[in-house]
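**Student:** Following this message is one structure expressed as structure tokens.
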Protein chains: 2
Amino acid sequence: MKNEGKLFGIGVGPGDPELITKKAIRLINEADVIFTASSTKNDYSLALKIAEPYIDDNANIQSLSFPMIKDKIESGKAWKNNAEIIAKKLREGKNAAFITLGDPVTYSTFGYILTAMKNVMPDANIEIVPGITSFHAAAARCNKILVEAEETLAIMSGAYGGENIRSIAEKVDKLAIVKAYKNTEDINNALKETGFYDKSIAISKCGRQGEKIIDNIEDLEKRKPDYWTLILAGK
Amino acid sequence: MKNEGKLFGIGVGPGDPELITKKAIRLINEADVIFTASSTKNDYSLALKIAEPYIDDNANIQSLSFPMIKDKIESGKAWKNNAEIIAKKLREGKNAAFITLGDPVTYSTFGYILTAMKNVMPDANIEIVPGITSFHAAAARCNKILVEAEETLAIMSGAYGGENIRSIAEKVDKLAIVKAYKNTEDINNALKETGFYDKSIAISKCGRQGEKIIDNIEDLEKRKPDYWTLILAGK
């Protein structure tokens with residue numbers, strides 16, 4: 001039997017350090033090394049800031065460079081490189097925690113690690129610990145039912161504007177649109193055209209410093225919304 | 001200023017008692033009274049079982065009758081009655097925790113409480129604490145990416161069979177189908193027709209005693225699946 005370590009992909013939740021699970025706290029404490037992803041432009045990790053209250057002063061924290069590039073080949077290489085750094089630790093018998101904002105399998109950088117690990121170390125022992133997502137936190141923050149009874153909820157990205165919304169609106173009851181930080185005029189128009197506008201609300205940096213709840217989402221057009229802006233809408 | 005208590009709608013997560021947030025544990029401890037919903041047919045509360053390790057022996061726990069009836073008027077009356085029991089506690093200045101499986105605003109009984117409270121006590125101070133949902137826990141359990149990059153994920157109920165799936169399949173990349181416990185043949189047919197079948201997996205009672213991971217979802221037709229069965233699928 002090999003004496004290899006285990007990789008834990010851990011969601012630390014949406015921002016409020018209290019919205020982390022008991023399991024995440026335990027595994028962060030038990031890990032031999034804690035990995036975080038930081039953009040190549042700065043080495044600041046939001047996940048690390050959220051988990052900070054639970055990390056020992058002597059913990060071994062290692063920042064992995066997160067490539068902010070569109071080129072798939074270059075980006076793939078960078079993630080492969082990161083996966084190799086993690087695999088090396090596992091082969092040394094160390095347990096590693098990769099901490100990530102929100103949930104590790106919902107629009108998360110951990111998805112890239114998971115894919116890269118399959119190539120770099122196919123037999124790696126990997127366990128994922130779910131975290132509270134931004135849209136669950138936002139619905140809770142606004143006392144809003146996200147989805148109920150036999151309704152359908154679509155979770156989508158707003159990065160390309162209102163196209164996705166127009167395409168799906170007729171088929172669903174509720175919408176959660178993450179990354180609603182650009183093309184906001186088109187997003188708003190799509191919500192108006194499809195009957196989702198009246199019951200919509202936006203929230204930026206939910207549960208974090210600088211949180212903003214935007215009741216009238218037309219205001220999104222007037223300001224430059226933060227990257228961490230999402231819209232919840234219903235019919 | 002009135003001296004009224006506050007109602008906390010608290011998600012205790014999908015089953016594993018470690019998948020509860022630090023905030024949920026704190027508020028359950030601080031509450032003057034803990035409410036749970038139990039079916040009118042039995043007074044067993046799954047949420048209570050999950051939260052048990054965090055509940056003091058002397059805690060004041062009150063079970064609210066959950067109407068298992070289709071009739072909307074009768075069901076509405078029962079929830080109004082439950083909301084009145086909660087409102088009475090709040091008016092006495094007590095803080096109340098209503099604990100619920102998974103997340104309080106995602107296919108949850110707390111949604112009925114939230115709606116009824118708006119009528120019974122419109123100025124009630126209510127705070128919702130999000131919880132890990134079954135589909136997030138299931139994706140983590142199966143090391144499966146739920147949704148990534150610019151993909152769209154539809155969260156839906158399988159209670160009416162494959163109709164919802166056929167209607168939305170073309171527009172989305174990923175599916176999470178909760179309550180996949182009846183009409184499973186029709187659900188499977190819909191997944192086959194729409195190209196979602198090959199990358200599908202079912203899971204029953206995720207993270208709880210009796211958990212089953214069903215790689216070949218055709219097996220769902222052969223057994224009588226548990227109510228707590230969900231399907232994750234992709235293209």
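Letters A, B, ... mark the chains of the structure tokens in the order given; residue numbers begin at 1 per chain; ligand numbers begin at 1, in order shown.
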For A:Ile203, work out the shell of residues within 12 Å, counting only C-alpha atoms and skipping chain neighbours fewer than 5 positions away, then give it as a ChimeraX atom specification.
**Tutor:** /A:134-142,176-181,208,210-217,219-220,225-233
**Student:** Among stretch 6-184 of chain A, which residues carry a DSSP assignment of helix (DSSP H, G or I), reported as number ranges by chain?
**Tutor:** A: 22-30, 46-54, 72-91, 110-120, 134-141, 163-171, 184
**Student:** Pick out the chain B residues within 8 Å of chain A. Count only C-alpha atoms. Give them as a VMD selection string.
**Tutor:** chain B and resid 18 to 23 103 to 108 111 126 to 132 136 to 137 139 to 141 143 to 157 159 167 to 168 171
**Student:** Could you write those residues out with C-alpha atoms, as a tab-separated table (two decimals), in the first residue's frame?
**Tutor:**
chain	number	residue	atom	x	y	z
B	18	GLU	CA	-20.10	18.04	10.03
B	19	LEU	CA	-21.58	19.80	6.98
B	20	ILE	CA	-23.28	22.41	9.15
B	21	THR	CA	-21.94	25.96	9.32
B	22	LYS	CA	-20.32	27.55	12.34
B	23	LYS	CA	-23.07	30.19	12.30
B	103	ASP	CA	-30.82	25.09	2.77
B	104	PRO	CA	-33.86	27.07	4.07
B	105	VAL	CA	-34.71	28.68	0.71
B	106	THR	CA	-34.10	25.70	-1.59
B	107	TYR	CA	-37.07	23.29	-1.82
B	108	SER	CA	-37.51	23.69	1.92
B	111	GLY	CA	-40.38	28.59	2.56
B	126	ILE	CA	-36.28	37.16	10.37
B	127	GLU	CA	-32.76	36.09	9.43
B	128	ILE	CA	-31.94	33.16	7.18
B	129	VAL	CA	-28.76	31.13	7.59
B	130	PRO	CA	-27.90	29.23	4.40
B	131	GLY	CA	-27.05	25.54	4.45
B	132	ILE	CA	-25.31	23.09	2.11
B	136	HIS	CA	-23.86	20.36	-3.71
B	137	ALA	CA	-23.12	17.53	-1.29
B	139	ALA	CA	-21.55	16.58	-6.55
B	140	ALA	CA	-18.78	16.79	-3.94
B	141	ARG	CA	-19.35	13.15	-2.92
B	143	ASN	CA	-15.99	14.32	-7.32
B	144	LYS	CA	-18.13	15.85	-10.06
B	145	ILE	CA	-18.07	19.46	-11.25
B	146	LEU	CA	-21.60	20.81	-10.83
B	147	VAL	CA	-21.21	23.85	-13.12
B	148	GLU	CA	-18.18	25.75	-14.45
B	149	ALA	CA	-17.02	28.66	-16.62
B	150	GLU	CA	-19.98	30.06	-18.64
B	151	GLU	CA	-22.18	26.97	-18.29
B	152	THR	CA	-25.82	26.98	-17.18
B	153	LEU	CA	-27.13	24.56	-14.56
B	154	ALA	CA	-30.83	23.80	-14.10
B	155	ILE	CA	-32.02	22.69	-10.68
B	156	MET	CA	-35.39	20.98	-10.99
B	157	SER	CA	-37.81	18.56	-9.44
B	159	ALA	CA	-41.59	14.58	-9.26
B	167	SER	CA	-38.38	21.10	-22.09
B	168	ILE	CA	-35.09	22.59	-20.90
B	171	LYS	CA	-30.75	25.30	-23.22
**Student:** So how many Å separate atom CA of B:Ser39 and atom CA of B:Glu74, to one decimal?
**Tutor:**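 The value is 14.5 Å.
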**Student:** Name the residues in contact with B:Asp32 at a cut-off of 7 Å, using only C-alpha atoms, excluding same-chain residues fewer than 4 positions from it; report them as a PyMOL selection string.
**Tutor:** chain B and resi 60+94-96
